[in-house]
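Peer 1: Contents of protein-v4.cif (mmCIF, C-alpha atoms and all ligand atoms) are given next:
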data_input
#
loop_
_atom_site.label_atom_id
_atom_site.label_comp_id
_atom_site.auth_asym_id
_atom_site.auth_seq_id
_atom_site.Cartn_x
_atom_site.Cartn_y
_atom_site.Cartn_z
CA MET A 1 0.00 0.00 0.00
CA VAL A 2 2.78 2.40 0.84
CA VAL A 3 4.33 1.87 -2.56
CA TYR A 4 1.07 2.53 -4.23
CA ARG A 5 0.59 5.75 -2.36
CA LEU A 6 4.10 6.87 -3.25
CA CYS A 7 3.44 6.23 -6.92
CA ASP A 8 0.22 8.12 -6.73
CA LYS A 9 2.04 11.04 -5.24
CA ILE A 10 4.70 11.05 -7.95
CA PHE A 11 2.08 10.78 -10.62
CA LEU A 12 0.19 13.64 -9.10
CA ASN A 13 3.29 15.80 -8.92
CA LYS A 14 4.12 15.07 -12.53
CA PHE A 15 0.61 15.86 -13.50
CA LYS A 16 0.73 19.12 -11.61
CA SER A 17 4.02 20.21 -13.16
CA LYS A 18 2.66 19.41 -16.58
CA MET A 19 -0.32 21.55 -15.85
CA SER A 20 1.78 24.53 -14.83
CA ASP A 21 3.99 24.06 -17.89
CA SER A 22 1.08 24.31 -20.25
CA GLN A 23 -0.23 27.24 -18.30
CA GLN A 24 3.06 29.01 -18.82
CA ASN A 25 3.08 28.25 -22.52
CA ASN A 26 -0.35 29.71 -22.87
CA ARG A 27 0.55 32.80 -20.94
CA GLN A 28 -1.67 35.68 -21.73
CA MET A 29 0.00 38.17 -24.04
CA PHE A 30 -0.57 41.86 -23.65
CA GLN A 31 -0.92 43.83 -26.84
CA GLY A 32 0.35 47.34 -27.05
CA ASN A 33 2.63 49.76 -28.72
CA TRP A 34 5.96 50.02 -26.97
CA LYS A 35 9.51 50.58 -28.04
CA CYS A 36 12.60 48.59 -27.25
CA GLY A 37 14.85 50.61 -24.94
CA LYS A 38 17.90 49.11 -26.59
CA CYS A 39 17.42 49.01 -30.35
CA GLY A 40 14.24 51.08 -30.69
CA ALA A 41 12.30 48.30 -32.38
CA ASP A 42 8.56 48.26 -32.01
CA ILE A 43 7.13 45.91 -29.44
CA THR A 44 3.53 44.96 -29.99
CA GLU A 45 3.22 42.04 -27.63
CA LEU A 46 4.52 41.33 -24.17
CA PRO A 47 4.03 38.37 -21.84
CA PHE A 48 3.39 40.78 -19.00
CA GLN A 49 1.72 44.09 -18.41
CA PRO A 50 4.56 46.60 -18.34
CA ASP A 51 4.78 49.16 -15.62
CA PRO A 52 4.15 52.52 -17.36
CA GLU A 53 7.02 54.08 -15.44
CA ARG A 54 9.43 51.44 -16.63
CA GLU A 55 8.46 51.41 -20.30
CA GLY A 56 11.90 52.77 -21.18
CA ASP A 57 13.44 49.57 -19.85
CA LEU A 58 11.49 47.32 -22.16
CA LYS A 59 13.41 45.08 -24.49
CA CYS A 60 12.29 43.52 -27.70
CA ARG A 61 12.51 39.78 -28.06
CA ASP A 62 15.84 39.92 -29.89
CA CYS A 63 17.52 42.13 -27.34
CA HIS A 64 16.06 40.09 -24.53
CA ARG A 65 17.40 36.93 -26.07
CA ALA A 66 20.79 38.53 -26.73
CA GLY A 67 20.98 39.56 -23.10
CA ILE A 68 20.25 36.06 -21.97
CA SER A 69 22.79 34.44 -24.29
CA ASN A 70 25.41 36.98 -23.23
CA ARG A 71 24.94 35.90 -19.68
CA ALA A 72 24.90 32.24 -20.66
CA ARG A 73 28.14 32.62 -22.57
CA GLY A 74 29.71 33.98 -19.44
CA ASP A 75 30.95 37.14 -21.05
CA ARG A 76 33.19 39.07 -18.81
CA GLN A 77 31.35 41.76 -16.99
CA MET A 78 32.51 45.20 -18.03
CA HIS A 79 32.97 47.87 -15.43
CA GLN A 80 31.88 51.34 -16.46
CA GLY A 81 33.70 54.34 -15.16
CA ASN A 82 35.60 57.45 -15.96
CA TRP A 83 39.31 56.84 -15.87
CA GLN A 84 42.30 58.20 -17.69
CA CYS A 85 44.99 56.40 -19.60
CA SER A 86 48.36 56.83 -17.91
CA LYS A 87 50.14 56.80 -21.25
CA CYS A 88 48.15 58.88 -23.71
CA ASP A 89 45.73 60.58 -21.27
CA GLY A 90 42.84 59.25 -23.31
CA SER A 91 39.65 58.61 -21.44
CA ILE A 92 38.72 55.09 -20.45
CA THR A 93 35.05 54.41 -19.93
CA GLU A 94 35.00 50.65 -19.79
CA LEU A 95 37.29 48.05 -18.30
CA PRO A 96 37.02 44.28 -18.10
CA PHE A 97 38.05 44.46 -14.47
CA GLU A 98 37.51 46.67 -11.47
CA PRO A 99 40.67 48.78 -11.30
CA ARG A 100 42.40 49.09 -7.95
CA ASP A 101 45.24 51.31 -9.01
CA THR A 102 43.70 53.96 -11.21
CA GLY A 103 47.01 55.78 -11.75
CA ASN A 104 48.37 52.95 -13.82
CA LEU A 105 45.57 52.31 -16.26
CA MET A 106 46.04 52.01 -19.96
CA CYS A 107 43.48 52.50 -22.68
CA ARG A 108 42.86 49.71 -25.11
CA ASP A 109 45.25 51.05 -27.74
CA CYS A 110 48.12 51.65 -25.35
CA PHE A 111 47.57 48.29 -23.76
CA ARG A 112 47.74 46.64 -27.14
CA ASN A 113 50.86 48.58 -28.08
CA SER A 114 52.56 47.73 -24.84
CA ARG A 115 52.19 44.05 -25.51
CA GLN A 116 53.77 44.15 -28.94
ZN ZN A 201 15.65 45.55 -29.20
ZN ZN A 202 46.25 55.32 -24.00
#
Mind turning this structure into structure tokens?
Ligand SMILES: [Zn+2]
Ligand SMILES: [Zn+2]

Peer 2:
Amino acid sequence: MVVYRLCDKIFLNKFKSKMSDSQQNNRQMFQGNWKCGKCGADITELPFQPDPEREGDLKCRDCHRAGISNRARGDRQMHQGNWQCSKCDGSITELPFEPRDTGNLMCRDCFRNSRQ
């Protein structure tokens, strides 16, 4: 009897998860007229009702997917900032690491030259 009950439980759980899967696939889509905050493409359909105050943050499907695959690829996180190159005094706005010693930074060009 115990075994039977266990099986019933598993079956029920599977059944339940299947149910929620299909519910997710049939998620209600909201129609509208928004713009992608990244590429400016028109967005006519969203799987959620966007917050009017956050409409500027909306992303079209392509940009959304690109963002996900970037993360999945494990791209190095870029650190934004306002630094200066110690060699050519050019401005550095992005670095692949969080700089500790900002007096010794090199822009991309100088860095490349220094390695040659
Ligand atoms: Zn976009
Ligand atoms: Zn430089």

Peer 1: Residues near A:Cys39, anyone? I mean within 10 Å using all atoms listed in the file, not counting same-chain ones fewer than 5 positions away, as an MDAnalysis selection string.

Peer 2: chainID A and resid 59:60 62:63

Peer 1: For the selection just defined, write its residues with C-alpha atoms to a file, as a compact mmCIF listing (two decimals), in the frame of the given file.

Peer 2:
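Once everything was written out, this is part19.txt:
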# COMPACT_ATOMS: atom_id res chain seq x y z
CA LYS A 59 13.41 45.08 -24.49
CA CYS A 60 12.29 43.52 -27.70
CA ASP A 62 15.84 39.92 -29.89
CA CYS A 63 17.52 42.13 -27.34

Peer 1: Given a cut-off of 10 Å, what residues near ligand ZN 201 (chain A) show up using all atoms listed in the file, put as a list of chain:residue names?

Peer 2: A:Lys35, A:Cys36, A:Gly37, A:Lys38, A:Cys39, A:Gly40, A:Ala41, A:Asp42, A:Ile43, A:Leu58, A:Lys59, A:Cys60, A:Arg61, A:Asp62, A:Cys63, A:His64, A:Arg65, A:Ala66

Peer 1: Put those residues in a file: C-alpha atoms, as an mmCIF file, in the frame of the given file.

Peer 2:
data_model
loop_
_atom_site.group_PDB
_atom_site.id
_atom_site.type_symbol
_atom_site.label_atom_id
_atom_site.label_comp_id
_atom_site.auth_asym_id
_atom_site.auth_seq_id
_atom_site.Cartn_x
_atom_site.Cartn_y
_atom_site.Cartn_z
ATOM 1 C CA LYS A 35 9.510 50.580 -28.040
ATOM 2 C CA CYS A 36 12.600 48.590 -27.250
ATOM 3 C CA GLY A 37 14.850 50.610 -24.940
ATOM 4 C CA LYS A 38 17.900 49.110 -26.590
ATOM 5 C CA CYS A 39 17.420 49.010 -30.350
ATOM 6 C CA GLY A 40 14.240 51.080 -30.690
ATOM 7 C CA ALA A 41 12.300 48.300 -32.380
ATOM 8 C CA ASP A 42 8.560 48.260 -32.010
ATOM 9 C CA ILE A 43 7.130 45.910 -29.440
ATOM 10 C CA LEU A 58 11.490 47.320 -22.160
ATOM 11 C CA LYS A 59 13.410 45.080 -24.490
ATOM 12 C CA CYS A 60 12.290 43.520 -27.700
ATOM 13 C CA ARG A 61 12.510 39.780 -28.060
ATOM 14 C CA ASP A 62 15.840 39.920 -29.890
ATOM 15 C CA CYS A 63 17.520 42.130 -27.340
ATOM 16 C CA HIS A 64 16.060 40.090 -24.530
ATOM 17 C CA ARG A 65 17.400 36.930 -26.070
ATOM 18 C CA ALA A 66 20.790 38.530 -26.730
#

Peer 1: Looking at all atoms listed in the file, which of A:Gln80, A:Asn33, A:Gln49, A:Asn104 is the one that sits closest to ligand ZN 202 (chain A)?

Peer 2: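 Going through A:Gln80, A:Asn33, A:Gln49, A:Asn104 one by one, the smallest distance to ligand ZN 202 (chain A) is for A:Asn104.
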
Peer 1: Would you mind telling me which residue in A:Thr102, A:Gln116, A:Thr93, A:Gln84 lies nearest to ligand ZN 202 (chain A) when using all atoms listed in the file?

Peer 2: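 Ranking A:Thr102, A:Gln116, A:Thr93, A:Gln84 by distance to ligand ZN 202 (chain A), first place goes to A:Gln84.
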
Peer 1: Give the answer as one residue: which of A:Ser86, A:Ser69, A:Gln31, A:Ser114 has the shortest atom-to-atom distance to ligand ZN 202 (chain A), using all atoms listed in the file?

Peer 2: A:Ser86

Peer 1: Which residues of chain A come within 12 Å of ligand ZN 202 (chain A), and for each one, what is the closest pair of atoms and their distance in Å to one decimal, counting only C-alpha atoms and all ligand atoms, sorted by chain and residue number, as a tab-separated table?

Peer 2:
residue	atom	partner	partner_atom	distance
A:Trp83	CA	A:ZN202	ZN	10.8
A:Gln84	CA	A:ZN202	ZN	8.0
A:Cys85	CA	A:ZN202	ZN	4.7
A:Ser86	CA	A:ZN202	ZN	6.6
A:Lys87	CA	A:ZN202	ZN	5.0
A:Cys88	CA	A:ZN202	ZN	4.0
A:Asp89	CA	A:ZN202	ZN	5.9
A:Gly90	CA	A:ZN202	ZN	5.2
A:Ser91	CA	A:ZN202	ZN	7.8
A:Ile92	CA	A:ZN202	ZN	8.3
A:Thr93	CA	A:ZN202	ZN	12.0
A:Asn104	CA	A:ZN202	ZN	10.7
A:Leu105	CA	A:ZN202	ZN	8.3
A:Met106	CA	A:ZN202	ZN	5.2
A:Cys107	CA	A:ZN202	ZN	4.2
A:Arg108	CA	A:ZN202	ZN	6.6
A:Asp109	CA	A:ZN202	ZN	5.8
A:Cys110	CA	A:ZN202	ZN	4.3
A:Phe111	CA	A:ZN202	ZN	7.2
A:Arg112	CA	A:ZN202	ZN	9.3
A:Asn113	CA	A:ZN202	ZN	9.1
A:Ser114	CA	A:ZN202	ZN	9.9

Peer 1: What is the distance, in Å and to one decimal place, between atom CA of A:Asp51 and atom CA of A:Gly67?

Peer 2: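 Computed distance, atom CA of A:Asp51 to atom CA of A:Gly67, equals 20.3 Å.
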
Peer 1: Interatomic distance between atom CA of A:Phe97 and atom CA of A:Asp57?

Peer 2: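 These two atoms are separated by 25.7 Å.
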